[in-house]
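K.L.:
Structure file structure.cif, mmCIF, C-alpha atoms, is pasted below:
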```cif
data_final
#
loop_
_atom_site.label_atom_id
_atom_site.label_comp_id
_atom_site.auth_asym_id
_atom_site.auth_seq_id
_atom_site.Cartn_x
_atom_site.Cartn_y
_atom_site.Cartn_z
CA MET P 1 68.90 30.27 4.50
CA ALA P 2 68.55 26.62 3.68
CA LEU P 3 65.75 24.22 2.96
CA ARG P 4 65.35 21.52 5.59
CA ALA P 5 64.02 18.02 5.00
CA ILE P 6 60.48 17.56 6.32
CA ARG P 7 60.08 14.45 8.44
CA MET P 8 57.22 12.19 7.46
CA TYR P 9 54.57 10.33 9.41
CA GLY P 10 56.13 7.38 11.22
CA ASP P 11 59.28 9.30 12.25
CA PRO P 12 59.47 9.15 16.08
CA VAL P 13 60.50 12.82 16.32
CA LEU P 14 56.94 13.75 15.31
CA THR P 15 55.56 12.17 18.48
CA SER P 16 58.24 13.62 20.78
CA ARG P 17 57.63 16.64 23.00
CA ALA P 18 59.89 19.56 22.14
CA VAL P 19 61.89 21.31 24.85
CA GLU P 20 61.75 25.01 25.70
CA ILE P 21 64.24 27.30 24.02
CA GLU P 22 66.40 29.34 26.37
CA LYS P 23 69.04 30.78 24.03
CA PHE P 24 67.94 33.57 21.70
CA ASP P 25 70.81 34.17 19.30
CA ALA P 26 71.76 34.30 15.63
CA SER P 27 71.44 30.52 15.26
CA LEU P 28 67.80 30.71 16.41
CA ALA P 29 67.10 33.48 13.90
CA ALA P 30 68.74 31.37 11.17
CA LEU P 31 66.64 28.36 12.19
CA ALA P 32 63.44 30.43 11.95
CA ALA P 33 64.48 31.71 8.50
CA ASP P 34 65.22 28.14 7.34
CA MET P 35 61.87 26.97 8.67
CA LEU P 36 59.98 29.77 6.90
CA GLU P 37 61.77 28.98 3.63
CA THR P 38 61.04 25.24 4.04
CA MET P 39 57.37 25.93 4.82
CA ASP P 40 57.06 28.25 1.82
CA GLU P 41 58.67 25.72 -0.51
CA ALA P 42 56.30 23.00 0.73
CA GLY P 43 53.24 25.25 0.41
CA GLY P 44 52.25 25.19 4.08
CA VAL P 45 50.82 27.74 6.48
CA GLY P 46 52.76 26.41 9.47
CA LEU P 47 55.77 24.28 10.36
CA ALA P 48 56.96 23.06 13.75
CA ALA P 49 60.59 22.24 14.57
CA ASN P 50 59.69 18.56 15.09
CA GLN P 51 58.80 18.42 11.42
CA ILE P 52 62.41 19.11 10.49
CA GLY P 53 63.78 16.75 13.11
CA LEU P 54 64.44 19.19 15.97
CA THR P 55 62.83 18.93 19.38
CA LYS P 56 62.84 22.67 20.04
CA ARG P 57 59.70 24.64 20.92
CA ILE P 58 59.47 26.86 17.86
CA PHE P 59 57.00 27.03 15.03
CA VAL P 60 56.66 29.31 12.03
CA TYR P 61 53.46 30.42 10.36
CA ASP P 62 52.16 32.33 7.38
CA CYS P 63 48.49 33.27 7.35
CA SER P 64 49.25 36.58 5.61
CA HIS P 65 46.86 35.69 2.79
CA VAL P 66 44.09 35.99 5.40
CA GLN P 67 45.40 39.03 7.27
CA THR P 68 48.45 41.21 6.62
CA GLY P 69 51.23 40.74 9.16
CA LEU P 70 50.38 37.18 10.13
CA ARG P 71 53.79 35.68 9.34
CA GLY P 72 56.61 34.88 11.69
CA ALA P 73 57.94 32.57 14.36
CA ILE P 74 56.71 31.78 17.85
CA ILE P 75 59.09 30.38 20.44
CA ASN P 76 57.84 28.53 23.54
CA PRO P 77 54.16 28.98 22.61
CA VAL P 78 51.36 28.61 25.13
CA TRP P 79 47.72 29.10 24.19
CA GLU P 80 44.32 29.03 25.85
CA PRO P 81 40.86 29.10 24.29
CA ILE P 82 38.74 32.21 24.56
CA GLY P 83 35.23 30.93 25.10
CA GLN P 84 33.93 27.54 24.05
CA ALA P 85 33.11 28.24 20.37
CA LYS P 86 34.62 25.66 18.03
CA GLN P 87 35.42 25.55 14.33
CA ASP P 88 35.31 22.37 12.28
CA GLY P 89 37.26 22.67 9.08
CA PRO P 90 39.77 21.00 6.79
CA GLU P 91 43.22 20.40 8.19
CA GLY P 92 46.28 18.81 6.66
CA CYS P 93 49.93 18.43 7.54
CA LEU P 94 53.18 18.73 5.62
CA SER P 95 54.36 15.56 7.40
CA ILE P 96 51.30 13.62 6.23
CA PRO P 97 50.85 14.51 2.56
CA GLY P 98 47.61 13.72 0.79
CA ILE P 99 45.50 13.67 3.95
CA SER P 100 43.01 16.41 4.72
CA GLU P 101 40.21 15.91 7.20
CA ASN P 102 37.82 18.19 9.02
CA THR P 103 39.25 18.67 12.50
CA GLU P 104 37.58 20.42 15.40
CA ARG P 105 39.54 23.26 17.01
CA TYR P 106 38.72 26.26 19.17
CA GLU P 107 37.55 29.25 17.14
CA THR P 108 39.50 31.84 19.15
CA VAL P 109 42.63 31.49 21.26
CA VAL P 110 45.05 33.74 23.09
CA LEU P 111 48.70 32.92 22.45
CA SER P 112 51.77 33.92 24.41
CA GLY P 113 55.39 33.16 23.69
CA ARG P 114 58.61 34.80 22.54
CA ASP P 115 59.88 36.20 19.27
CA ILE P 116 63.28 35.24 17.85
CA ARG P 117 64.98 37.94 19.94
CA GLY P 118 63.41 36.67 23.17
CA ASN P 119 60.84 39.45 23.50
CA ALA P 120 57.51 38.48 25.04
CA ILE P 121 54.67 38.44 22.53
CA SER P 122 50.99 37.69 22.67
CA MET P 123 48.09 37.69 20.26
CA VAL P 124 44.43 36.86 20.07
CA ALA P 125 43.69 34.79 16.99
CA SER P 126 40.57 33.40 15.33
CA GLY P 127 39.84 31.27 12.30
CA LEU P 128 42.81 29.96 10.32
CA MET P 129 45.44 31.57 12.57
CA ALA P 130 43.83 29.99 15.66
CA ARG P 131 43.79 26.63 13.86
CA CYS P 132 47.45 27.05 12.92
CA ILE P 133 48.46 27.90 16.51
CA GLN P 134 46.67 24.83 17.86
CA HIS P 135 47.99 22.50 15.13
CA GLU P 136 51.63 23.62 15.42
CA THR P 137 51.62 23.65 19.23
CA ASP P 138 50.22 20.11 19.08
CA HIS P 139 53.28 19.17 16.99
CA LEU P 140 55.55 20.61 19.68
CA ASP P 141 53.71 18.43 22.21
CA GLY P 142 54.17 15.33 20.01
CA VAL P 143 50.52 15.26 18.93
CA LEU P 144 49.46 14.89 15.29
CA PHE P 145 46.16 16.12 13.89
CA LEU P 146 45.30 12.45 13.19
CA ASP P 147 45.05 12.05 16.97
CA ARG P 148 42.23 14.63 16.98
CA LEU P 149 40.09 12.76 14.44
CA THR P 150 37.17 10.49 15.22
CA LYS P 151 38.01 6.81 15.30
CA GLU P 152 36.38 6.26 11.89
CA LYS P 153 38.09 9.23 10.21
CA ARG P 154 41.43 8.17 11.66
CA LYS P 155 40.96 4.62 10.39
CA GLN P 156 40.21 5.92 6.88
CA ALA P 157 43.20 8.27 6.97
CA MET P 158 45.50 5.45 8.10
CA GLN P 159 44.35 3.32 5.18
CA VAL P 160 45.23 6.13 2.74
CA ILE P 161 48.62 6.58 4.44
CA ARG P 162 49.43 2.86 4.29
CA ASN P 163 48.64 2.83 0.55
CA SER P 164 50.58 6.01 -0.29
CA ASP P 165 53.80 6.04 -2.27
CA TRP P 166 55.60 8.32 0.19
CA PHE P 167 54.86 5.98 3.12
CA ASN P 168 55.96 2.85 1.27
CA SER P 169 59.18 4.21 -0.21
#
```
As structure tokens - that is how I would like this structure written.

P.N.:
Amino acid sequence: MALRAIRMYGDPVLTSRAVEIEKFDASLAALAADMLETMDEAGGVGLAANQIGLTKRIFVYDCSHVQTGLRGAIINPVWEPIGQAKQDGPEGCLSIPGISENTERYETVVLSGRDIRGNAISMVASGLMARCIQHETDHLDGVLFLDRLTKEKRKQAMQVIRNSDWFNS
């Protein structure tokens, strides 16, 4: 396993749509392990391949502090909301350090995709796991959580980003 560099806001790969994965082999398993290690080191609950510079449709997650077993990788994720209930809570991003804003997401979603061996998987998720699924799948579609903010919140966040050391280095 190896730590990967996390791409920061402004890198064009973060606004690029990732392509579906068709080959399920040892290199994909190694990528997922690297992504989990990178996410853990950075203190995140999710990490999409775009965030390490790859346009592949895979994200990793770790919501095991909320519910046992909620850690792994999802390849080629697709989700749909269950009902219309929404949650509005704090959201941040490893690619945009220092920014956390309440972001509206669906409360409950159903997810389908593949595991690292290519087996079909699905889950119904609520709360933090549902937020993670929506946030990371947005990354794979080239969408950042900043794009989900109100105009005023986005303007404030952009001001903080422009004044941050990591953005200006």

K.L.:
Can you tell me, as a ChimeraX atom specification, what residues are no more than 12 Å from P:Leu14 when counting only C-alpha atoms, ignoring any on the same chain fewer than 6 positions away?

P.N.:
/P:6-8,47-56,93-96,136-146

K.L.:
The PyMOL selection byres ((chain P and resi 148-151) around 10) on the file shown: which residues, as a count of residues only?

P.N.:
18

K.L.:
Of the candidates P:Gly46, P:Ser64, P:Ala30, P:Cys132, which shows the shortest atom-to-atom distance to P:Ala2, using all atoms listed in the file?

P.N.:
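Closest residue, counting all atoms listed in the file: P:Ala30.
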
K.L.:
Determine, counting all atoms listed in the file, which protein, DNA and RNA residues have an atom within 7 Å of an atom of stretch 113-125 of chain P; residues of the same chain fewer than 6 positions away are not included. Present the result as a CSV table (one decimal) with C-alpha atoms, in the coordinates of the input.

P.N.:
```csv
chain,number,residue,atom,x,y,z
P,24,PHE,CA,67.9,33.6,21.7
P,25,ASP,CA,70.8,34.2,19.3
P,28,LEU,CA,67.8,30.7,16.4
P,29,ALA,CA,67.1,33.5,13.9
P,73,ALA,CA,57.9,32.6,14.4
P,74,ILE,CA,56.7,31.8,17.8
P,75,ILE,CA,59.1,30.4,20.4
P,76,ASN,CA,57.8,28.5,23.5
P,77,PRO,CA,54.2,29.0,22.6
P,78,VAL,CA,51.4,28.6,25.1
```

K.L.:
My list of candidates is P:Ala26, P:Ala33, P:Ile58, P:Glu107. Which is closest to P:Gly89 when distances are computed with only C-alpha atoms?

P.N.:
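Using only C-alpha atoms, P:Gly89 sits closest to P:Glu107.
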
K.L.:
Please identify all polymer residues within 8 Å of P:Arg71, counting all atoms listed in the file, omitting same-chain residues fewer than 5 positions from it, and present them as a VMD selection string.

P.N.:
chain P and resid 60 to 64

K.L.:
When you count all atoms listed in the file, which of these residues is closest to P:Met39: P:Gly83, P:Pro90, P:Gly72, P:Gly10?

P.N.:
P:Gly72

K.L.:
Mind giving me the straight-line distance from atom CA of P:Leu111 to atom CA of P:Glu80 in Å, one decimal?

P.N.:
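Computing it gives 6.8 Å between the two atoms.
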
K.L.:
Quick one, how far is atom CA of P:Lys86 from atom CA of P:Ser112?

P.N.:
20.1 Å

K.L.:
Nearest to P:Met158: which of P:Trp79, P:Val66, P:Tyr9, P:Asp88 is it, counting all atoms listed in the file?

P.N.:
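Looking at the shortest contact to P:Met158, the residue is P:Tyr9.
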
K.L.:
Given the file above and the PyMOL selection byres ((chain P and resi 126) around 9), which residues are selected, and can you give them as number ranges by chain?

P.N.:
P: 106-110, 124-125, 127-131

K.L.:
Go ahead and compute the interatomic distance for atom CA of P:Arg17 and atom CA of P:Gly69, in Å to one decimal.

P.N.:
28.5 Å

K.L.:
Mind rebuilding stretch 59-70 of chain P with all heavy atoms and writing that out as a PDB file, in the coordinates of the input?

P.N.:
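Result file is rebuild.pdb:
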```pdb
ATOM      1  N   PHE P  59      57.703  27.270  16.277  1.00  0.00           N
ATOM      2  CA  PHE P  59      57.000  27.030  15.030  1.00  0.00           C
ATOM      3  C   PHE P  59      56.942  28.329  14.237  1.00  0.00           C
ATOM      4  O   PHE P  59      57.061  29.414  14.796  1.00  0.00           O
ATOM      5  CB  PHE P  59      55.607  26.401  15.217  1.00  0.00           C
ATOM      6  CG  PHE P  59      54.525  27.308  15.737  1.00  0.00           C
ATOM      7  CD1 PHE P  59      53.855  28.194  14.896  1.00  0.00           C
ATOM      8  CD2 PHE P  59      54.124  27.239  17.066  1.00  0.00           C
ATOM      9  CE1 PHE P  59      52.831  29.011  15.362  1.00  0.00           C
ATOM     10  CE2 PHE P  59      53.099  28.047  17.542  1.00  0.00           C
ATOM     11  CZ  PHE P  59      52.453  28.935  16.685  1.00  0.00           C
ATOM     12  N   VAL P  60      56.827  28.163  12.922  1.00  0.00           N
ATOM     13  CA  VAL P  60      56.660  29.310  12.030  1.00  0.00           C
ATOM     14  C   VAL P  60      55.284  29.222  11.395  1.00  0.00           C
ATOM     15  O   VAL P  60      54.679  28.141  11.341  1.00  0.00           O
ATOM     16  CB  VAL P  60      57.773  29.379  10.956  1.00  0.00           C
ATOM     17  CG1 VAL P  60      59.127  29.598  11.605  1.00  0.00           C
ATOM     18  CG2 VAL P  60      57.781  28.149  10.063  1.00  0.00           C
ATOM     19  N   TYR P  61      54.804  30.369  10.925  1.00  0.00           N
ATOM     20  CA  TYR P  61      53.460  30.420  10.360  1.00  0.00           C
ATOM     21  C   TYR P  61      53.391  31.489   9.290  1.00  0.00           C
ATOM     22  O   TYR P  61      54.183  32.434   9.284  1.00  0.00           O
ATOM     23  CB  TYR P  61      52.425  30.708  11.462  1.00  0.00           C
ATOM     24  CG  TYR P  61      52.668  32.032  12.145  1.00  0.00           C
ATOM     25  CD1 TYR P  61      52.016  33.184  11.709  1.00  0.00           C
ATOM     26  CD2 TYR P  61      53.569  32.140  13.203  1.00  0.00           C
ATOM     27  CE1 TYR P  61      52.251  34.404  12.310  1.00  0.00           C
ATOM     28  CE2 TYR P  61      53.817  33.357  13.805  1.00  0.00           C
ATOM     29  CZ  TYR P  61      53.157  34.484  13.363  1.00  0.00           C
ATOM     30  OH  TYR P  61      53.404  35.701  13.954  1.00  0.00           O
ATOM     31  N   ASP P  62      52.433  31.309   8.385  1.00  0.00           N
ATOM     32  CA  ASP P  62      52.160  32.330   7.380  1.00  0.00           C
ATOM     33  C   ASP P  62      50.681  32.271   7.016  1.00  0.00           C
ATOM     34  O   ASP P  62      50.259  31.462   6.199  1.00  0.00           O
ATOM     35  CB  ASP P  62      53.016  32.136   6.130  1.00  0.00           C
ATOM     36  CG  ASP P  62      52.837  33.286   5.136  1.00  0.00           C
ATOM     37  OD1 ASP P  62      51.929  34.131   5.332  1.00  0.00           O
ATOM     38  OD2 ASP P  62      53.619  33.343   4.176  1.00  0.00           O
ATOM     39  N   CYS P  63      49.917  33.118   7.662  1.00  0.00           N
ATOM     40  CA  CYS P  63      48.490  33.270   7.350  1.00  0.00           C
ATOM     41  C   CYS P  63      48.279  34.666   6.758  1.00  0.00           C
ATOM     42  O   CYS P  63      47.195  35.246   6.875  1.00  0.00           O
ATOM     43  CB  CYS P  63      47.652  33.069   8.606  1.00  0.00           C
ATOM     44  SG  CYS P  63      47.744  31.403   9.279  1.00  0.00           S
ATOM     45  N   SER P  64      49.317  35.209   6.131  1.00  0.00           N
ATOM     46  CA  SER P  64      49.250  36.580   5.610  1.00  0.00           C
ATOM     47  C   SER P  64      48.255  36.718   4.460  1.00  0.00           C
ATOM     48  O   SER P  64      47.816  37.825   4.169  1.00  0.00           O
ATOM     49  CB  SER P  64      50.636  37.057   5.172  1.00  0.00           C
ATOM     50  OG  SER P  64      51.167  36.216   4.169  1.00  0.00           O
ATOM     51  N   HIS P  65      47.888  35.612   3.840  1.00  0.00           N
ATOM     52  CA  HIS P  65      46.860  35.690   2.790  1.00  0.00           C
ATOM     53  C   HIS P  65      45.476  35.951   3.383  1.00  0.00           C
ATOM     54  O   HIS P  65      44.571  36.356   2.687  1.00  0.00           O
ATOM     55  CB  HIS P  65      46.863  34.420   1.928  1.00  0.00           C
ATOM     56  CG  HIS P  65      46.523  33.179   2.679  1.00  0.00           C
ATOM     57  ND1 HIS P  65      47.417  32.555   3.532  1.00  0.00           N
ATOM     58  CD2 HIS P  65      45.392  32.460   2.720  1.00  0.00           C
ATOM     59  CE1 HIS P  65      46.824  31.491   4.062  1.00  0.00           C
ATOM     60  NE2 HIS P  65      45.606  31.414   3.586  1.00  0.00           N
ATOM     61  N   VAL P  66      45.341  35.728   4.696  1.00  0.00           N
ATOM     62  CA  VAL P  66      44.090  35.990   5.400  1.00  0.00           C
ATOM     63  C   VAL P  66      44.114  37.378   6.034  1.00  0.00           C
ATOM     64  O   VAL P  66      43.131  38.097   6.001  1.00  0.00           O
ATOM     65  CB  VAL P  66      43.837  34.912   6.491  1.00  0.00           C
ATOM     66  CG1 VAL P  66      42.590  35.222   7.293  1.00  0.00           C
ATOM     67  CG2 VAL P  66      43.743  33.535   5.865  1.00  0.00           C
ATOM     68  N   GLN P  67      45.264  37.726   6.625  1.00  0.00           N
ATOM     69  CA  GLN P  67      45.400  39.030   7.270  1.00  0.00           C
ATOM     70  C   GLN P  67      46.854  39.469   7.196  1.00  0.00           C
ATOM     71  O   GLN P  67      47.759  38.709   7.565  1.00  0.00           O
ATOM     72  CB  GLN P  67      44.947  38.956   8.734  1.00  0.00           C
ATOM     73  CG  GLN P  67      45.027  40.278   9.455  1.00  0.00           C
ATOM     74  CD  GLN P  67      44.567  40.182  10.904  1.00  0.00           C
ATOM     75  OE1 GLN P  67      43.879  39.252  11.278  1.00  0.00           O
ATOM     76  NE2 GLN P  67      44.954  41.136  11.703  1.00  0.00           N
ATOM     77  N   THR P  68      47.098  40.671   6.741  1.00  0.00           N
ATOM     78  CA  THR P  68      48.450  41.210   6.620  1.00  0.00           C
ATOM     79  C   THR P  68      49.157  41.151   7.975  1.00  0.00           C
ATOM     80  O   THR P  68      48.564  41.433   9.010  1.00  0.00           O
ATOM     81  CB  THR P  68      48.400  42.667   6.125  1.00  0.00           C
ATOM     82  OG1 THR P  68      47.702  42.686   4.887  1.00  0.00           O
ATOM     83  CG2 THR P  68      49.791  43.234   5.935  1.00  0.00           C
ATOM     84  N   GLY P  69      50.422  40.763   7.945  1.00  0.00           N
ATOM     85  CA  GLY P  69      51.230  40.740   9.160  1.00  0.00           C
ATOM     86  C   GLY P  69      51.236  39.412   9.885  1.00  0.00           C
ATOM     87  O   GLY P  69      51.972  39.253  10.852  1.00  0.00           O
ATOM     88  N   LEU P  70      50.431  38.473   9.449  1.00  0.00           N
ATOM     89  CA  LEU P  70      50.380  37.180  10.130  1.00  0.00           C
ATOM     90  C   LEU P  70      51.414  36.223   9.530  1.00  0.00           C
ATOM     91  O   LEU P  70      51.097  35.248   8.863  1.00  0.00           O
ATOM     92  CB  LEU P  70      48.980  36.569  10.052  1.00  0.00           C
ATOM     93  CG  LEU P  70      47.920  37.253  10.899  1.00  0.00           C
ATOM     94  CD1 LEU P  70      46.585  36.516  10.786  1.00  0.00           C
ATOM     95  CD2 LEU P  70      48.337  37.320  12.368  1.00  0.00           C
TER      96      LEU P  70
END
```
